[in-house]
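Undergrad: Take a look at this one; I'll ask things after.
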Amino acid sequence: MRKVSYKYFIVSILLFFAGFKTASSSIRTYLPDVEACPGTVFSLPLYFEDVNGVDSFNLVFNYDPSVLVYRGFENIHPVLFSEGDFTISHISGQVRINFNHIIPIFLGDGVMAEFRFEPVTGTSLFNWDLAESAYFFENINQDAVFDNGSVVILPKIDISLQQIPEEVCPGSFEASVIATVGGGTPPYVYQWIGSPIQVLSDSIARNLAADGAYTLRITDDKGCVKDTVFKIKTRKLNEVQITATPDTVFLSNPAVTFFAENLSDPFITNYLWRFGDGDSLNTTEPTVPHVYVGAKEFAKQGGQEYELVLTVTNEFGCDTTIIYPIAVREAPVFIPNVFTPNGDGANDEFKIVRDDDKTKIISDEYLRLELVVFNRWGRKIYSNDNYKSDWDGGNAPDGVYFYVLNAIGFYKIDTYKGSVHIIR
């Protein structure tokens, strides 16, 4: 009587009650023929049929590594994942699957695992290595068929975009984009993504925002998708620096000359000056004078500065706005009580200067200065009705002299009296 192993006896009973085919039935293992979209990782399922009553297997298939880049595996069959010793390993151009278990497994039909590949270009076969691929029961090679698969990398979708005009002014909504699509598998579905946008036709979108970021998504007839992200190109705004002479609206002389210096390209064609007091001037000149005739009343009501607003327009019609605050106050006058006209280049003149910055002589703070100087006997030794802080004492000897300074202002005359000591 032939001895029958306990393991084989258990397997026979399981096969009988499960209604499966016997272990001698042919097992089929195959990989499908697929099409892959370029640039998109796809999953390749490994199918099996009639895998029943086997306790181990080795499966090896090859592919062309110049066509595909292996990215791992996923979705392992739950029985294989939880039972026995199941491994998947990879070297360039080859995938190996191994399984060992102490008792046979009964999988029937299904998917063993899915393998992820990133397509490059071209076509590749998935070829089974028949010398190494086999199913076993108690080390006996089971009858099995291995069917090869293949992959075809679909044509790449090409997208080119044309912006009209090539550049737009910042802040505008005047850009249009025309798309030209080729490659892939026509026909195409266009999807414009972003806001604001007006889709004029499949390939044309308009009213796009300057500096706005948008996406054009193309889906071809094979379901392949290509996204193109683009940003509306804008012209560079002008960099403008404003200077004011004087740098303050003095109540004694509220006349200021403003100058706008263009620090960058392109050329500025127009300057719209809004002075902050209700007056404005539209001109092609970068230098403009302005008199704040209402400065006294403005200051009386608590006003401390005007806000100058300048809008420049360049040769492409793009606008840049600059805000320049300018303070309003009384003129800070400082009159020295000594000067030394000895020719050494230091303190040689009787200079009327600003109290907040003694390096600046009083010039624009008043309409003009009238100066009269007397000696101690009351004799006038110097006078000037438009004094420029340039008196060097003349022939006057060392000593103390007396002056009367009339600072002629826009609204009033400020009179200063005092003495100055000449030391040679």
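Labeling convention for the structure tokens: chains A, B, ... as they appear, residues from 1 per chain, ligands from 1 in order of appearance.
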Could you pull the residues within 12 Å of Leu107 of chain A, counting only C-alpha atoms, minus those fewer than 5 positions along the same chain, as a PyMOL selection string?

TA: chain A and resi 15+18+20-21+27+47-55+77-80+83+112

Undergrad: Limited to C-alpha atoms, could you put the picked residues into a file as a compact mmCIF listing (two decimals), in the first residue's frame?

TA:
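Writing the result to again18.txt gives the following:
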# COMPACT_ATOMS: atom_id res chain seq x y z
CA LEU A 15 -9.49 20.79 -3.16
CA ALA A 18 -13.51 23.93 -2.37
CA PHE A 20 -11.26 23.85 -7.29
CA LYS A 21 -9.46 22.21 -10.15
CA ILE A 27 -1.95 27.73 -14.19
CA TYR A 47 -2.88 38.55 -13.46
CA PHE A 48 -3.17 34.87 -12.53
CA GLU A 49 -5.70 32.05 -13.16
CA ASP A 50 -6.12 28.68 -11.41
CA VAL A 51 -3.49 29.23 -8.77
CA ASN A 52 -4.64 26.46 -6.41
CA GLY A 53 -2.74 23.99 -4.34
CA VAL A 54 0.75 25.50 -4.65
CA ASP A 55 3.10 26.17 -1.76
CA HIS A 77 -3.09 40.19 -3.05
CA PRO A 78 -4.29 40.02 0.58
CA VAL A 79 -3.55 36.29 0.98
CA LEU A 80 -0.01 36.71 -0.27
CA GLU A 83 0.53 34.49 4.53
CA MET A 112 -1.19 39.22 -7.59

Undergrad: Determine, counting only C-alpha atoms, which protein, DNA and RNA residues have an atom within 12 Å of an atom of Trp273 of chain A; residues of the same chain fewer than 5 positions away are not included. Present the result as a VMD selection string.

TA: chain A and resid 242 257 to 260 278 to 290 307 to 313 321 to 324

Undergrad: How would the residues just chosen look if you wrote them out with C-alpha atoms as a PDB file, in the first residue's frame?

TA:
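Final output, saved to part30.pdb:
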ATOM      1  CA  ILE A 242      10.916 112.755  -6.061  1.00  0.00           C
ATOM      2  CA  THR A 257       9.838 123.065  -6.703  1.00  0.00           C
ATOM      3  CA  PHE A 258       9.344 119.343  -7.259  1.00  0.00           C
ATOM      4  CA  PHE A 259      11.561 117.189  -9.462  1.00  0.00           C
ATOM      5  CA  ALA A 260      10.802 113.623 -10.558  1.00  0.00           C
ATOM      6  CA  GLY A 278      -6.656 120.481  -4.310  1.00  0.00           C
ATOM      7  CA  ASP A 279      -4.479 121.746  -7.165  1.00  0.00           C
ATOM      8  CA  SER A 280      -3.111 119.523  -9.919  1.00  0.00           C
ATOM      9  CA  LEU A 281      -1.023 119.856 -13.059  1.00  0.00           C
ATOM     10  CA  ASN A 282      -0.829 117.568 -16.087  1.00  0.00           C
ATOM     11  CA  THR A 283       2.424 118.103 -17.952  1.00  0.00           C
ATOM     12  CA  THR A 284       5.257 116.476 -19.873  1.00  0.00           C
ATOM     13  CA  GLU A 285       7.830 118.152 -17.617  1.00  0.00           C
ATOM     14  CA  PRO A 286       9.536 116.371 -14.717  1.00  0.00           C
ATOM     15  CA  THR A 287      10.147 119.649 -12.839  1.00  0.00           C
ATOM     16  CA  VAL A 288       7.270 121.805 -11.588  1.00  0.00           C
ATOM     17  CA  PRO A 289       6.987 124.713  -9.134  1.00  0.00           C
ATOM     18  CA  HIS A 290       3.988 125.035  -6.860  1.00  0.00           C
ATOM     19  CA  GLU A 307       0.523 114.464   0.464  1.00  0.00           C
ATOM     20  CA  LEU A 308       1.835 114.922  -3.046  1.00  0.00           C
ATOM     21  CA  VAL A 309       0.653 112.230  -5.472  1.00  0.00           C
ATOM     22  CA  LEU A 310       2.480 111.858  -8.776  1.00  0.00           C
ATOM     23  CA  THR A 311       1.293 109.543 -11.560  1.00  0.00           C
ATOM     24  CA  VAL A 312       3.738 109.051 -14.416  1.00  0.00           C
ATOM     25  CA  THR A 313       2.839 107.440 -17.733  1.00  0.00           C
ATOM     26  CA  THR A 321       1.989 106.300  -8.858  1.00  0.00           C
ATOM     27  CA  ILE A 322       4.297 107.726  -6.195  1.00  0.00           C
ATOM     28  CA  ILE A 323       3.206 109.334  -2.919  1.00  0.00           C
ATOM     29  CA  TYR A 324       5.470 111.973  -1.417  1.00  0.00           C
TER      30      TYR A 324
END

Undergrad: Determine, counting only C-alpha atoms, which protein, DNA and RNA residues have an atom within 8 Å of an atom of segment 221-235 of chain A; residues of the same chain fewer than 6 positions away are not included. Present the result as a CSV table (one decimal) with N, CA, C and O atoms, in the first residue's frame.

TA:
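Output file out39.csv is given in full below:
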chain,number,residue,atom,x,y,z
A,37,CYS,N,0.5,57.1,-20.9
A,37,CYS,CA,0.7,58.5,-21.2
A,37,CYS,C,2.0,58.9,-20.8
A,37,CYS,O,2.5,58.6,-19.7
A,38,PRO,N,2.7,59.7,-21.6
A,38,PRO,CA,4.1,60.2,-21.2
A,38,PRO,C,4.0,61.1,-20.0
A,38,PRO,O,3.1,61.9,-19.8
A,157,ILE,N,2.0,65.2,-25.8
A,157,ILE,CA,1.3,66.3,-26.2
A,157,ILE,C,2.2,67.6,-26.1
A,157,ILE,O,2.9,67.8,-25.1
A,159,ILE,N,2.3,71.8,-26.3
A,159,ILE,CA,1.5,73.0,-26.2
A,159,ILE,C,2.5,74.2,-26.4
A,159,ILE,O,3.5,74.3,-25.7
A,163,GLN,N,1.2,85.1,-26.2
A,163,GLN,CA,0.5,86.1,-25.5
A,163,GLN,C,0.4,87.4,-26.4
A,163,GLN,O,1.4,87.8,-27.0
A,166,GLU,N,2.6,91.1,-26.2
A,166,GLU,CA,3.7,90.3,-25.5
A,166,GLU,C,3.8,90.7,-24.1
A,166,GLU,O,4.2,89.8,-23.3
A,167,GLU,N,3.6,91.9,-23.8
A,167,GLU,CA,3.6,92.4,-22.4
A,167,GLU,C,2.5,93.4,-22.2
A,167,GLU,O,2.1,94.1,-23.1
A,168,VAL,N,2.0,93.4,-21.0
A,168,VAL,CA,0.9,94.3,-20.6
A,168,VAL,C,1.3,95.1,-19.4
A,168,VAL,O,2.2,94.8,-18.7
A,169,CYS,N,0.5,96.2,-19.2
A,169,CYS,CA,0.8,97.1,-18.0
A,169,CYS,C,0.4,96.4,-16.7
A,169,CYS,O,-0.7,95.7,-16.7
A,170,PRO,N,1.1,96.5,-15.7
A,170,PRO,CA,0.7,95.9,-14.4
A,170,PRO,C,-0.7,96.5,-14.0
A,170,PRO,O,-1.0,97.7,-14.2
A,175,ALA,N,-4.6,91.1,-21.4
A,175,ALA,CA,-3.9,90.1,-22.1
A,175,ALA,C,-4.8,89.0,-22.7
A,175,ALA,O,-5.8,88.6,-22.1
A,184,GLY,N,0.3,64.0,-29.1
A,184,GLY,CA,-0.8,63.3,-28.5
A,184,GLY,C,-1.7,62.6,-29.5
A,184,GLY,O,-1.3,62.2,-30.6
A,185,THR,N,-2.9,62.4,-29.1
A,185,THR,CA,-3.9,61.7,-30.0
A,185,THR,C,-5.1,62.6,-30.1
A,185,THR,O,-5.9,62.7,-29.2
A,186,PRO,N,-5.3,63.4,-31.2
A,186,PRO,CA,-6.5,64.3,-31.3
A,186,PRO,C,-7.7,63.4,-31.4
A,186,PRO,O,-7.7,62.2,-31.7
A,187,PRO,N,-8.9,64.1,-31.1
A,187,PRO,CA,-9.1,65.5,-30.8
A,187,PRO,C,-8.7,65.8,-29.3
A,187,PRO,O,-8.6,64.8,-28.5
A,188,TYR,N,-8.7,67.1,-29.0
A,188,TYR,CA,-8.3,67.5,-27.7
A,188,TYR,C,-9.4,68.2,-26.9
A,188,TYR,O,-10.3,68.8,-27.6
A,208,LEU,N,-7.1,88.4,-19.4
A,208,LEU,CA,-6.4,87.8,-18.4
A,208,LEU,C,-5.6,88.9,-17.6
A,208,LEU,O,-5.2,89.9,-18.2
A,209,ALA,N,-5.4,88.7,-16.3
A,209,ALA,CA,-4.9,89.7,-15.5
A,209,ALA,C,-3.3,89.8,-15.6
A,209,ALA,O,-2.7,88.7,-15.6
A,210,ALA,N,-2.8,91.0,-15.6
A,210,ALA,CA,-1.4,91.1,-15.6
A,210,ALA,C,-0.8,90.5,-14.3
A,210,ALA,O,-1.4,90.6,-13.2
A,211,ASP,N,0.3,89.7,-14.5
A,211,ASP,CA,1.0,89.0,-13.4
A,211,ASP,C,0.1,87.8,-12.9
A,211,ASP,O,0.5,87.1,-12.0
A,212,GLY,N,-1.1,87.5,-13.5
A,212,GLY,CA,-1.9,86.4,-13.1
A,212,GLY,C,-1.3,85.1,-13.5
A,212,GLY,O,-0.7,85.0,-14.6
A,213,ALA,N,-1.5,84.1,-12.7
A,213,ALA,CA,-1.0,82.7,-12.9
A,213,ALA,C,-2.2,81.9,-13.4
A,213,ALA,O,-3.3,81.8,-12.8
A,214,TYR,N,-2.0,81.2,-14.5
A,214,TYR,CA,-3.1,80.4,-15.1
A,214,TYR,C,-2.5,79.0,-15.5
A,214,TYR,O,-1.3,78.8,-15.6
A,215,THR,N,-3.4,78.1,-15.8
A,215,THR,CA,-3.1,76.8,-16.3
A,215,THR,C,-4.0,76.4,-17.5
A,215,THR,O,-5.2,76.6,-17.5
A,318,CYS,N,1.9,102.6,-19.5
A,318,CYS,CA,1.8,102.1,-18.2
A,318,CYS,C,2.0,103.2,-17.2
A,318,CYS,O,2.9,104.1,-17.3

Undergrad: Let's see if you can do this: from backbone DSSP, list all helix (DSSP H, G or I) residues in segment 54-161 of chain A, as an MDAnalysis selection string.

TA: chainID A and resid 78:82

Undergrad: May I have the residues from that selection written out with all heavy atoms, as a compact mmCIF listing (two decimals), in the first residue's frame?

TA:
# COMPACT_ATOMS: atom_id res chain seq x y z
N PRO A 78 -4.26 40.09 -0.89
CA PRO A 78 -4.29 40.02 0.58
C PRO A 78 -3.79 38.70 1.15
O PRO A 78 -3.20 38.67 2.23
CB PRO A 78 -5.77 40.28 0.92
CG PRO A 78 -6.52 40.05 -0.35
CD PRO A 78 -5.59 40.40 -1.44
N VAL A 79 -4.04 37.57 0.47
CA VAL A 79 -3.55 36.29 0.98
C VAL A 79 -2.03 36.25 0.95
O VAL A 79 -1.37 35.85 1.91
CB VAL A 79 -4.15 35.12 0.17
CG1 VAL A 79 -3.51 33.80 0.58
CG2 VAL A 79 -5.65 35.07 0.36
N LEU A 80 -1.46 36.70 -0.16
CA LEU A 80 -0.01 36.71 -0.27
C LEU A 80 0.61 37.69 0.72
O LEU A 80 1.70 37.46 1.25
CB LEU A 80 0.40 37.09 -1.69
CG LEU A 80 -0.06 36.15 -2.80
CD1 LEU A 80 0.30 36.71 -4.16
CD2 LEU A 80 0.54 34.76 -2.61
N PHE A 81 -0.09 38.80 0.95
CA PHE A 81 0.42 39.81 1.87
C PHE A 81 0.45 39.30 3.31
O PHE A 81 1.36 39.62 4.08
CB PHE A 81 -0.45 41.07 1.77
CG PHE A 81 0.00 42.19 2.67
CD1 PHE A 81 1.07 42.98 2.30
CD2 PHE A 81 -0.64 42.45 3.87
CE1 PHE A 81 1.50 44.02 3.12
CE2 PHE A 81 -0.23 43.48 4.69
CZ PHE A 81 0.85 44.27 4.31
N SER A 82 -0.54 38.47 3.66
CA SER A 82 -0.68 38.05 5.07
C SER A 82 -0.13 36.66 5.35
O SER A 82 0.05 36.30 6.51
CB SER A 82 -2.15 38.11 5.48
OG SER A 82 -2.93 37.22 4.67

Undergrad: Check the smallest atom-to-atom distance from each of A:Val177, A:Asn347, A:Leu263, A:Thr248 to Pro325 of chain A using only C-alpha atoms, then report the winner.

TA: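 The closest residue to Pro325 of chain A is A:Thr248.
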
Undergrad: For Glu349 of chain A, work out the shell of residues within 8 Å, counting only C-alpha atoms and skipping chain neighbours fewer than 6 positions away, then give it as a short mmCIF file (atom, residue, chain, number, x, y, z; two decimals) with all heavy atoms, in the first residue's frame.

TA:
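So selection_26.cif came out as:
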data_model
loop_
_atom_site.label_atom_id
_atom_site.label_comp_id
_atom_site.auth_asym_id
_atom_site.auth_seq_id
_atom_site.Cartn_x
_atom_site.Cartn_y
_atom_site.Cartn_z
N PHE A 339 31.23 135.91 14.00
CA PHE A 339 31.86 135.28 12.85
C PHE A 339 33.28 135.80 12.72
O PHE A 339 33.63 136.84 13.29
CB PHE A 339 31.05 135.45 11.56
CG PHE A 339 31.02 136.84 10.99
CD1 PHE A 339 31.80 137.18 9.87
CD2 PHE A 339 30.17 137.80 11.52
CE1 PHE A 339 31.74 138.46 9.33
CE2 PHE A 339 30.12 139.07 10.96
CZ PHE A 339 30.90 139.41 9.88
N THR A 340 34.11 135.05 11.99
CA THR A 340 35.56 135.31 12.00
C THR A 340 36.08 135.44 10.57
O THR A 340 36.63 134.48 9.99
CB THR A 340 36.31 134.17 12.72
OG1 THR A 340 36.00 132.94 12.06
CG2 THR A 340 35.90 134.08 14.17
N PRO A 341 35.96 136.62 9.98
CA PRO A 341 36.39 136.82 8.59
C PRO A 341 37.90 136.97 8.46
O PRO A 341 38.41 138.05 8.14
CB PRO A 341 35.64 138.09 8.19
CG PRO A 341 35.49 138.86 9.46
CD PRO A 341 35.32 137.85 10.55
N SER A 389 23.50 135.82 2.71
CA SER A 389 24.41 135.27 3.73
C SER A 389 25.87 135.28 3.27
O SER A 389 26.63 134.35 3.52
CB SER A 389 24.00 133.85 4.14
OG SER A 389 22.80 133.87 4.85
N ASP A 390 26.26 136.37 2.60
CA ASP A 390 27.61 136.44 2.06
C ASP A 390 28.43 137.64 2.55
O ASP A 390 29.48 137.95 1.98
CB ASP A 390 27.55 136.46 0.53
CG ASP A 390 26.62 137.55 -0.01
OD1 ASP A 390 26.02 138.27 0.81
OD2 ASP A 390 26.52 137.67 -1.24
N TRP A 391 27.96 138.37 3.59
CA TRP A 391 28.73 139.53 4.09
C TRP A 391 29.91 139.03 4.90
O TRP A 391 29.76 138.23 5.84
CB TRP A 391 27.83 140.43 4.94
CG TRP A 391 28.55 141.66 5.45
CD1 TRP A 391 29.27 142.56 4.72
CD2 TRP A 391 28.60 142.11 6.80
NE1 TRP A 391 29.79 143.55 5.51
CE2 TRP A 391 29.39 143.29 6.80
CE3 TRP A 391 28.07 141.64 8.00
CZ2 TRP A 391 29.65 144.01 7.98
CZ3 TRP A 391 28.33 142.36 9.17
CH2 TRP A 391 29.11 143.53 9.16
N ASP A 392 31.11 139.51 4.52
CA ASP A 392 32.34 139.09 5.21
C ASP A 392 32.87 140.15 6.17
O ASP A 392 34.02 140.10 6.61
CB ASP A 392 33.42 138.73 4.19
CG ASP A 392 33.83 139.91 3.33
OD1 ASP A 392 33.27 141.02 3.51
OD2 ASP A 392 34.70 139.72 2.45
N GLY A 393 32.03 141.13 6.52
CA GLY A 393 32.44 142.19 7.44
C GLY A 393 33.05 143.41 6.79
O GLY A 393 33.24 144.45 7.45
#

Undergrad: To test your reading of the structure, identify every residue in segment 219-369 of chain A that backbone DSSP assigns to strand (DSSP E), and report it as a PyMOL selection string.

TA: chain A and resi 219+225-231+240-245+248-250+255-262+268-274+280-283+287-291+305-314+319-329+333-334+338-339+353-354+357-361+368-369

Undergrad: For Tyr70 of chain A, find every residue with an atom within 9 Å (counting only C-alpha atoms), except residues of its own chain fewer than 2 positions away, and show them as a JSON list (two decimals) with N, CA, C and O atoms, in the first residue's frame.

TA:
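Resulting contents of around_19.json:
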[["chain", "number", "residue", "atom", "x", "y", "z"],
["A", 65, "PRO", "N", 14.64, 48.92, -19.73],
["A", 65, "PRO", "CA", 14.81, 50.05, -18.79],
["A", 65, "PRO", "C", 15.03, 51.39, -19.49],
["A", 65, "PRO", "O", 14.97, 52.43, -18.83],
["A", 68, "LEU", "N", 11.17, 52.36, -19.69],
["A", 68, "LEU", "CA", 10.42, 52.47, -18.43],
["A", 68, "LEU", "C", 11.37, 52.65, -17.25],
["A", 68, "LEU", "O", 12.46, 52.08, -17.22],
["A", 72, "GLY", "N", 8.29, 50.90, -8.15],
["A", 72, "GLY", "CA", 7.81, 50.13, -7.00],
["A", 72, "GLY", "C", 6.55, 49.34, -7.30],
["A", 72, "GLY", "O", 6.17, 49.14, -8.46],
["A", 73, "PHE", "N", 5.89, 48.89, -6.24],
["A", 73, "PHE", "CA", 4.70, 48.06, -6.39],
["A", 73, "PHE", "C", 3.66, 48.46, -5.35],
["A", 73, "PHE", "O", 3.95, 49.17, -4.38],
["A", 90, "HIS", "N", 13.80, 43.96, -7.30],
["A", 90, "HIS", "CA", 13.97, 44.59, -8.62],
["A", 90, "HIS", "C", 15.43, 44.92, -8.87],
["A", 90, "HIS", "O", 16.15, 45.39, -7.97],
["A", 92, "SER", "N", 17.61, 46.68, -12.47],
["A", 92, "SER", "CA", 17.27, 47.40, -13.70],
["A", 92, "SER", "C", 16.87, 46.43, -14.81],
["A", 92, "SER", "O", 17.64, 45.55, -15.20],
["A", 93, "GLY", "N", 15.63, 46.59, -15.28],
["A", 93, "GLY", "CA", 15.14, 45.76, -16.37],
["A", 93, "GLY", "C", 14.54, 44.44, -15.95],
["A", 93, "GLY", "O", 14.13, 43.66, -16.82],
["A", 115, "PHE", "N", 2.51, 46.80, -10.48],
["A", 115, "PHE", "CA", 3.85, 47.37, -10.54],
["A", 115, "PHE", "C", 3.78, 48.74, -11.21],
["A", 115, "PHE", "O", 3.12, 48.92, -12.23],
["A", 116, "ARG", "N", 4.48, 49.68, -10.57],
["A", 116, "ARG", "CA", 4.40, 51.07, -11.03],
["A", 116, "ARG", "C", 5.62, 51.41, -11.88],
["A", 116, "ARG", "O", 6.76, 51.14, -11.50],
["A", 117, "PHE", "N", 5.34, 52.01, -13.04],
["A", 117, "PHE", "CA", 6.40, 52.41, -13.95],
["A", 117, "PHE", "C", 6.16, 53.85, -14.42],
["A", 117, "PHE", "O", 5.02, 54.27, -14.60],
["A", 118, "GLU", "N", 7.26, 54.54, -14.61],
["A", 118, "GLU", "CA", 7.20, 55.87, -15.22],
["A", 118, "GLU", "C", 7.69, 55.75, -16.66],
["A", 118, "GLU", "O", 8.84, 55.36, -16.90],
["A", 119, "PRO", "N", 6.86, 56.09, -17.62],
["A", 119, "PRO", "CA", 7.25, 55.93, -19.02],
["A", 119, "PRO", "C", 8.23, 57.00, -19.47],
["A", 119, "PRO", "O", 8.17, 58.15, -19.01]]

Undergrad: Env of Tyr416 of chain A: 9 Å cut, atoms = only C-alpha atoms, seq-sep filter 6 positions within chain, self excluded. Answer as a PyMOL selection string.

TA: chain A and resi 335+403-407

Undergrad: Give me, as CSV, the closest atom pair and its distance (Å, one decimal) for every residue of segment 223-337 of chain A within a cut-off of 7 Å of segment 364-384 of chain A, counting only C-alpha atoms, rows sorted by chain and rising number.

TA:
residue,atom,partner,partner_atom,distance
A:Pro246,CA,A:Asp364,CA,6.3
A:Phe250,CA,A:Glu365,CA,5.9
A:Ser252,CA,A:Tyr366,CA,5.3
A:Asn253,CA,A:Tyr366,CA,4.8
A:Ala331,CA,A:Glu365,CA,5.9
